[in-house]
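One file, coords.pdb, carrying PDB, C-alpha atoms:
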```
ATOM      1  CA  MET A   1     -21.574 -92.598 -23.011
ATOM      2  CA  ASN A   2     -22.867 -94.226 -26.181
ATOM      3  CA  SER A   3     -24.151 -92.140 -29.084
ATOM      4  CA  THR A   4     -27.824 -92.575 -28.195
ATOM      5  CA  ALA A   5     -27.372 -91.545 -24.553
ATOM      6  CA  TYR A   6     -27.323 -87.962 -23.274
ATOM      7  CA  LEU A   7     -27.249 -86.110 -19.973
ATOM      8  CA  ILE A   8     -30.382 -84.840 -18.209
ATOM      9  CA  PRO A   9     -30.774 -82.954 -14.900
ATOM     10  CA  GLU A  10     -31.173 -85.195 -11.867
ATOM     11  CA  HIS A  11     -32.718 -82.539  -9.582
ATOM     12  CA  PRO A  12     -34.156 -79.027  -9.988
ATOM     13  CA  VAL A  13     -31.784 -76.171  -9.140
ATOM     14  CA  LEU A  14     -32.271 -72.594  -8.015
ATOM     15  CA  PHE A  15     -29.804 -69.710  -8.246
ATOM     16  CA  GLU A  16     -30.564 -66.195  -7.016
ATOM     17  CA  GLU A  17     -28.551 -62.992  -7.362
ATOM     18  CA  GLU A  18     -29.044 -59.257  -7.069
ATOM     19  CA  ILE A  19     -27.783 -56.975  -9.825
ATOM     20  CA  LYS A  20     -28.248 -53.203  -9.408
ATOM     21  CA  LYS A  21     -31.156 -53.720  -6.992
ATOM     22  CA  SER A  22     -32.965 -56.126  -9.361
ATOM     23  CA  VAL A  23     -33.335 -59.671  -8.064
ATOM     24  CA  PHE A  24     -32.887 -62.451 -10.618
ATOM     25  CA  ILE A  25     -34.100 -65.928  -9.628
ATOM     26  CA  THR A  26     -33.094 -68.740 -11.987
ATOM     27  CA  GLN A  27     -34.883 -72.075 -11.713
ATOM     28  CA  ILE A  28     -33.979 -75.080 -13.857
ATOM     29  CA  ALA A  29     -35.967 -78.312 -13.951
ATOM     30  CA  HIS A  30     -36.033 -81.598 -15.862
ATOM     31  CA  THR A  31     -38.703 -81.301 -18.569
ATOM     32  CA  PRO A  32     -38.735 -84.259 -20.996
ATOM     33  CA  SER A  33     -41.308 -82.717 -23.389
ATOM     34  CA  ILE A  34     -42.388 -79.332 -24.734
ATOM     35  CA  GLU A  35     -45.690 -79.704 -22.829
ATOM     36  CA  LEU A  36     -43.852 -80.266 -19.537
ATOM     37  CA  ALA A  37     -41.485 -77.375 -20.298
ATOM     38  CA  LYS A  38     -44.453 -75.033 -20.774
ATOM     39  CA  ALA A  39     -46.128 -76.418 -17.635
ATOM     40  CA  PHE A  40     -42.967 -75.649 -15.622
ATOM     41  CA  VAL A  41     -42.911 -72.097 -17.042
ATOM     42  CA  ASP A  42     -46.573 -71.654 -16.035
ATOM     43  CA  GLN A  43     -45.854 -73.020 -12.547
ATOM     44  CA  VAL A  44     -43.005 -70.516 -12.018
ATOM     45  CA  LYS A  45     -45.151 -67.659 -13.400
ATOM     46  CA  LYS A  46     -47.823 -68.499 -10.806
ATOM     47  CA  GLN A  47     -45.184 -68.799  -8.050
ATOM     48  CA  HIS A  48     -43.775 -65.359  -8.979
ATOM     49  CA  SER A  49     -46.944 -63.680 -10.263
ATOM     50  CA  SER A  50     -45.907 -60.316  -8.800
ATOM     51  CA  ALA A  51     -42.607 -60.290 -10.727
ATOM     52  CA  ARG A  52     -42.316 -58.015 -13.723
ATOM     53  CA  HIS A  53     -40.702 -60.671 -15.946
ATOM     54  CA  ASN A  54     -40.513 -64.475 -16.052
ATOM     55  CA  CYS A  55     -38.255 -65.111 -19.042
ATOM     56  CA  TRP A  56     -37.528 -68.645 -20.147
ATOM     57  CA  GLY A  57     -35.817 -71.061 -22.478
ATOM     58  CA  PHE A  58     -36.017 -74.809 -22.908
ATOM     59  CA  VAL A  59     -34.304 -77.764 -24.560
ATOM     60  CA  ALA A  60     -37.095 -80.334 -24.310
ATOM     61  CA  GLY A  61     -35.332 -83.279 -25.931
ATOM     62  CA  ARG A  62     -31.834 -84.305 -26.978
ATOM     63  CA  PRO A  63     -29.448 -81.349 -26.475
ATOM     64  CA  GLU A  64     -28.717 -81.018 -30.206
ATOM     65  CA  ASN A  65     -32.343 -81.264 -31.409
ATOM     66  CA  SER A  66     -33.198 -77.612 -32.102
ATOM     67  CA  MET A  67     -36.758 -78.602 -33.060
ATOM     68  CA  MET A  68     -37.345 -79.093 -29.316
ATOM     69  CA  TRP A  69     -36.071 -75.640 -28.298
ATOM     70  CA  GLY A  70     -38.093 -72.595 -27.263
ATOM     71  CA  PHE A  71     -37.653 -69.261 -25.489
ATOM     72  CA  SER A  72     -39.406 -66.025 -24.497
ATOM     73  CA  ASP A  73     -38.266 -62.541 -23.473
ATOM     74  CA  ASP A  74     -41.574 -62.072 -21.561
ATOM     75  CA  GLY A  75     -41.704 -58.318 -22.109
ATOM     76  CA  GLU A  76     -37.979 -57.590 -21.886
ATOM     77  CA  PRO A  77     -36.413 -55.942 -24.978
ATOM     78  CA  SER A  78     -36.211 -58.440 -27.853
ATOM     79  CA  GLY A  79     -33.169 -60.699 -27.676
ATOM     80  CA  THR A  80     -32.098 -59.670 -24.149
ATOM     81  CA  ALA A  81     -33.484 -62.586 -22.118
ATOM     82  CA  GLY A  82     -34.859 -65.640 -23.932
ATOM     83  CA  LYS A  83     -31.996 -65.979 -26.433
ATOM     84  CA  PRO A  84     -29.216 -65.675 -23.814
ATOM     85  CA  ILE A  85     -31.066 -68.221 -21.635
ATOM     86  CA  LEU A  86     -31.436 -70.638 -24.552
ATOM     87  CA  ALA A  87     -27.793 -70.086 -25.599
ATOM     88  CA  GLN A  88     -26.622 -71.234 -22.155
ATOM     89  CA  LEU A  89     -28.952 -74.252 -22.158
ATOM     90  CA  SER A  90     -28.166 -75.378 -25.709
ATOM     91  CA  GLY A  91     -24.434 -74.959 -25.079
ATOM     92  CA  SER A  92     -24.528 -77.044 -21.897
ATOM     93  CA  GLY A  93     -24.811 -80.431 -23.626
ATOM     94  CA  ILE A  94     -27.676 -81.304 -21.257
ATOM     95  CA  GLY A  95     -31.093 -82.262 -22.620
ATOM     96  CA  GLU A  96     -34.650 -82.147 -21.324
ATOM     97  CA  LEU A  97     -34.329 -79.001 -19.227
ATOM     98  CA  THR A  98     -36.117 -75.686 -18.849
ATOM     99  CA  ALA A  99     -34.818 -72.512 -17.241
ATOM    100  CA  VAL A 100     -37.078 -69.723 -16.010
ATOM    101  CA  VAL A 101     -35.435 -66.513 -14.849
ATOM    102  CA  THR A 102     -37.694 -64.335 -12.718
ATOM    103  CA  ARG A 103     -36.816 -60.646 -12.420
ATOM    104  CA  TYR A 104     -37.997 -58.392  -9.640
ATOM    105  CA  SER A 105     -36.985 -54.969 -10.895
ATOM    106  CA  GLY A 106     -35.118 -52.680  -8.539
ATOM    107  CA  GLY A 107     -35.785 -49.539 -10.565
ATOM    108  CA  ILE A 108     -32.287 -49.166 -12.013
ATOM    109  CA  LYS A 109     -32.078 -49.625 -15.790
ATOM    110  CA  LEU A 110     -29.593 -52.333 -16.756
ATOM    111  CA  GLY A 111     -29.555 -51.594 -20.499
ATOM    112  CA  THR A 112     -29.717 -54.292 -23.157
ATOM    113  CA  GLY A 113     -26.142 -55.480 -22.553
ATOM    114  CA  GLY A 114     -26.752 -55.650 -18.819
ATOM    115  CA  LEU A 115     -29.928 -57.667 -19.337
ATOM    116  CA  VAL A 116     -28.192 -60.141 -21.659
ATOM    117  CA  LYS A 117     -25.421 -60.562 -19.092
ATOM    118  CA  ALA A 118     -27.861 -60.909 -16.164
ATOM    119  CA  TYR A 119     -30.168 -63.463 -17.804
ATOM    120  CA  GLY A 120     -27.421 -65.497 -19.472
ATOM    121  CA  GLY A 121     -25.162 -65.268 -16.432
ATOM    122  CA  GLY A 122     -27.852 -66.456 -14.032
ATOM    123  CA  VAL A 123     -28.466 -69.539 -16.158
ATOM    124  CA  GLN A 124     -24.713 -70.123 -16.468
ATOM    125  CA  GLN A 125     -24.385 -70.063 -12.652
ATOM    126  CA  ALA A 126     -27.424 -72.332 -12.188
ATOM    127  CA  LEU A 127     -26.019 -74.845 -14.696
ATOM    128  CA  LYS A 128     -22.890 -75.149 -12.528
ATOM    129  CA  LEU A 129     -25.154 -76.438  -9.736
ATOM    130  CA  ILE A 130     -26.802 -79.158 -11.827
ATOM    131  CA  GLN A 131     -26.116 -82.803 -11.159
ATOM    132  CA  THR A 132     -26.775 -84.895 -14.244
ATOM    133  CA  ILE A 133     -27.624 -88.487 -14.973
ATOM    134  CA  GLU A 134     -27.300 -90.337 -18.256
ATOM    135  CA  LYS A 135     -30.474 -91.042 -20.192
ATOM    136  CA  LYS A 136     -30.206 -94.045 -22.431
ATOM    137  CA  SER A 137     -32.524 -94.290 -25.390
ATOM    138  CA  PRO A 138     -34.767 -97.357 -25.090
ATOM    139  CA  HIS A 139     -34.267 -98.316 -28.749
ATOM    140  CA  ASN A 140     -31.110 -98.587 -30.780
ATOM    141  CA  TYR A 141     -32.045 -98.170 -34.397
ATOM    142  CA  VAL A 142     -29.533 -99.157 -37.063
TER     143      VAL A 142
END
```
Let me see the structure of the file written as structure tokens.
Amino acid sequence: MNSTAYLIPEHPVLFEEEIKKSVFITQIAHTPSIELAKAFVDQVKKQHSSARHNCWGFVAGRPENSMMWGFSDDGEPSGTAGKPILAQLSGSGIGELTAVVTRYSGGIKLGTGGLVKAYGGGVQQALKLIQTIEKKSPHNYV
């Protein structure tokens, strides 16, 4: 891979797991801009409008360009959802992707550590399912 190329998701992925009666549904999609990342988040929020939380993170450009990153805990305790999601995405080396983790609460408290593990772990598992393709930049600037 040359220095201007980077990996992007080829297809959307979905990973679902149950942790202490809460169901966590992780969806990852190719989102080549911040606008498309936010549109994907909105689409998942509509799809799972009855869920208590739809937490998300995105890397909307090159994997190392932190100016194109964003995240939200969507009502979960600060730092327990959005940051662990973004940490998994930014550490993956894949660009132009958004992850939304939907939580249907089962009534058992997971605690902050449990939430971090559940949100980050779901994204980690979903990333293992991703098939990537190489995106070449159209211009090579010297």
Atomic separation - CA of Asp74 in chain A relative to CA of Leu7 in chain A, Å: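 A separation of 28.0 Å between them.
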The PyMOL selection byres ((chain A and resi 37) around 9) applied to the shown file, residues as a list in words: Ala29, His30, Thr31, Pro32, Ser33, Ile34, Glu35, Leu36, Lys38, Ala39, Phe40, Val41, Asp42, Gly57, Phe58, Val59, Ala60, Glu96, Leu97, Thr98 and Ala99 of chain A
Resolved residues for the PyMOL selection byres ((chain A and resi 75-84) around 12) as a ChimeraX atom specification: /A:24,26,51-58,69-74,85-91,98-103,105,109-124
CA of Asn65 in chain A to CA of Ile25 in chain A, distance in Å rounded to a single decimal: 26.7 Å
Answer key for the PyMOL selection byres ((chain A and resi 94) around 6), residues as a ChimeraX atom specification: /A:7-8,63,92-93,95
Each range 12-121 of chain A residue no farther than 7 Å from range 126-134 of chain A, nearest pair in Å, all atoms listed in the file, as CSV:
```
residue,atom,partner,partner_atom,distance
A:Val13,CA,A:Ile130,CA,6.4
A:Leu14,CA,A:Ala126,CA,6.4
A:Phe15,CA,A:Ala126,CA,5.3
A:Thr26,CA,A:Ala126,CA,6.7
```
Go ahead and save the residues from that selection, with C-alpha atoms, as a short mmCIF file (atom, residue, chain, number, x, y, z; two decimals), in the frame of the given file.
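Result file follows (result-v1.cif):
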```cif
data_model
loop_
_atom_site.label_atom_id
_atom_site.label_comp_id
_atom_site.auth_asym_id
_atom_site.auth_seq_id
_atom_site.Cartn_x
_atom_site.Cartn_y
_atom_site.Cartn_z
CA VAL A 13 -31.78 -76.17 -9.14
CA LEU A 14 -32.27 -72.59 -8.02
CA PHE A 15 -29.80 -69.71 -8.25
CA THR A 26 -33.09 -68.74 -11.99
#
```
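The spacing separating CA of Lys21 in chain A from CA of Gln125 in chain A amounts to 18.6 Å.
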Residue nearest Pro9 in chain A among A:Gly61, A:Ser49, A:Met68, A:Ser22 (counting all atoms listed in the file):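 Answer, going by the shortest atom-to-atom distance: A:Gly61.
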